[in-house]
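Everything on this sheet refers to the single structure shown next.
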Amino acid sequence: MSFIPVLPFLRIMGLLAAPQDLPYSKKLLLRVLLLYMISGMLVLLPGSADFFTAVILLLLDLLLLTAFLQFCLYTRNTSARFLQTFMACLGVGVVFQLLALPLMLVLNSAAEGAQTNNTLGGLFYLILVSWQVSVVAHILRHAMNLIMPLSLLLSFAYLIMVIFLSNQVVGFLASV
């Protein structure tokens, strides 16, 4: 057996599978969580002021994802689906972070005058984020038995919450 079965997460990213298609495995969840933390650090470090800020942002991301999923699943009386839903979000998050890594490196290293590269990189990043919002909405739709427009609204609200709180934390850490 491989370290982590990649195909189920790719199928979820293609909206072809749901979180309940993943095995209910705490060992697999821990492996996916480890990969999520490693890939998250790879993406955060080039754009962060320092290692401490990157670690804080990664921990904030995990805390927000955990709390958001637990709250949403609790409100729909589907808390028993947390492990597979959390694992699905983490697994697709790893793939999205690895896809974003080259873009983040290009955007962070682009010269001030390279406006075309920044614009094109920003467009690809927007497409990647839009795809991720759609995939998270797909996961939420299946985990919570929702209609897609409502799960899209939840997914987008989660994205806005993460961006807002991350910016607040970065601003706070920069002022300290």
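Quick note on naming: the chains in the structure tokens go A, B, ... in the order shown, residues restart at 1 in each chain, and ligands are numbered from 1 in order of appearance.
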Near-segment 136-143 of chain A list (8 Å; only C-alpha atoms; drop same-chain fewer than 2 positions) as an MDAnalysis selection string: chainID A and resid 12 15 18:20 73 78 81 85 88:89 132:134 145:148 151:155
Next, dump the selected residues to file, keeping only C-alpha atoms, as a CSV table (one decimal), in the first residue's frame.
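Final file, result.csv:
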chain,number,residue,atom,x,y,z
A,12,ILE,CA,-12.6,14.7,-5.6
A,15,LEU,CA,-15.8,16.5,-8.7
A,18,ALA,CA,-17.1,12.6,-2.5
A,19,PRO,CA,-15.5,12.6,0.9
A,20,GLN,CA,-17.4,9.5,1.9
A,73,LEU,CA,-21.3,19.6,10.2
A,78,THR,CA,-23.6,15.2,10.4
A,81,ARG,CA,-18.6,12.8,8.8
A,85,THR,CA,-14.6,15.6,5.3
A,88,ALA,CA,-10.8,15.4,1.9
A,89,CYS,CA,-10.2,19.1,2.5
A,132,GLN,CA,-10.4,25.2,-4.9
A,133,VAL,CA,-13.5,27.1,-3.8
A,134,SER,CA,-15.6,24.9,-6.1
A,145,ASN,CA,-26.4,17.2,2.2
A,146,LEU,CA,-26.7,20.7,0.7
A,147,ILE,CA,-27.5,22.2,-2.6
A,148,MET,CA,-24.5,23.4,-4.6
A,151,SER,CA,-22.3,25.0,-0.4
A,152,LEU,CA,-20.6,27.5,-2.8
A,153,LEU,CA,-21.7,30.3,-0.5
A,154,LEU,CA,-20.2,28.5,2.5
A,155,SER,CA,-17.0,27.7,0.7
Expected answer as a ChimeraX atom specification: helix (DSSP H, G or I) residues in chain A: /A:7-13,19-21,26-47,51-75,79-109,115-144,148-175
Non-local contacts of Leu22 of chain A (9 Å; only C-alpha atoms; under 5 positions in same chain excluded) as a PyMOL selection string: chain A and resi 8-9+17+84-85+87-88
Please dump the current selection as a CSV table (one decimal), in the first residue's frame; keep N, CA and C atoms.
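And here is the file that came out, result_7.csv:
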chain,number,residue,atom,x,y,z
A,8,PRO,N,-8.0,9.0,-5.1
A,8,PRO,CA,-9.3,9.5,-4.6
A,8,PRO,C,-9.3,11.0,-4.4
A,9,PHE,N,-8.2,11.6,-4.0
A,9,PHE,CA,-8.2,13.1,-3.9
A,9,PHE,C,-8.2,13.8,-5.3
A,17,ALA,N,-15.8,12.3,-7.2
A,17,ALA,CA,-15.9,11.5,-5.9
A,17,ALA,C,-16.2,12.5,-4.8
A,84,GLN,N,-13.7,12.1,7.5
A,84,GLN,CA,-13.5,12.0,6.0
A,84,GLN,C,-13.6,13.4,5.3
A,85,THR,N,-14.4,14.3,5.9
A,85,THR,CA,-14.6,15.6,5.3
A,85,THR,C,-13.3,16.4,5.5
A,87,MET,N,-10.3,15.1,6.1
A,87,MET,CA,-9.3,14.4,5.2
A,87,MET,C,-9.4,14.9,3.8
A,88,ALA,N,-10.6,15.0,3.3
A,88,ALA,CA,-10.8,15.4,1.9
A,88,ALA,C,-10.3,16.8,1.7
Please provide the set of residues having any atom within 8 Å of segment 97-105 of chain A, restricted to only C-alpha atoms, with same-chain residues fewer than 4 positions apart removed, written as a CSV table (one decimal) with C-alpha atoms, in the first residue's frame.
chain,number,residue,atom,x,y,z
A,39,SER,CA,3.3,21.6,1.5
A,40,GLY,CA,1.7,24.5,3.4
A,42,LEU,CA,6.6,25.3,1.2
A,43,VAL,CA,4.0,27.7,-0.1
A,46,PRO,CA,8.7,32.3,0.2
A,47,GLY,CA,6.0,35.0,0.8
A,93,GLY,CA,-5.4,21.2,-0.1
A,109,SER,CA,10.5,36.6,-7.2
A,121,GLY,CA,0.6,34.7,-12.6
A,124,PHE,CA,-3.5,31.6,-13.0
A,125,TYR,CA,-3.7,32.0,-9.2
A,128,LEU,CA,-6.6,28.0,-9.0
Test item: residues at most 12 Å from Ala67 of chain A, only C-alpha atoms, excluding those fewer than 5 positions along its chain, as a list in words: Leu60, Asp61, Leu62, Cys72, Leu73, Tyr74, Ser79, Phe82, Phe86, Tyr158, Met161 and Val162 of chain A
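You will find atom CA of Phe68 of chain A at 28.0 Å from atom CA of Val176 of chain A.
Atom pair atom CA of Ile56 of chain A / atom CA of Val169 of chain A: separated by 8.3 Å.
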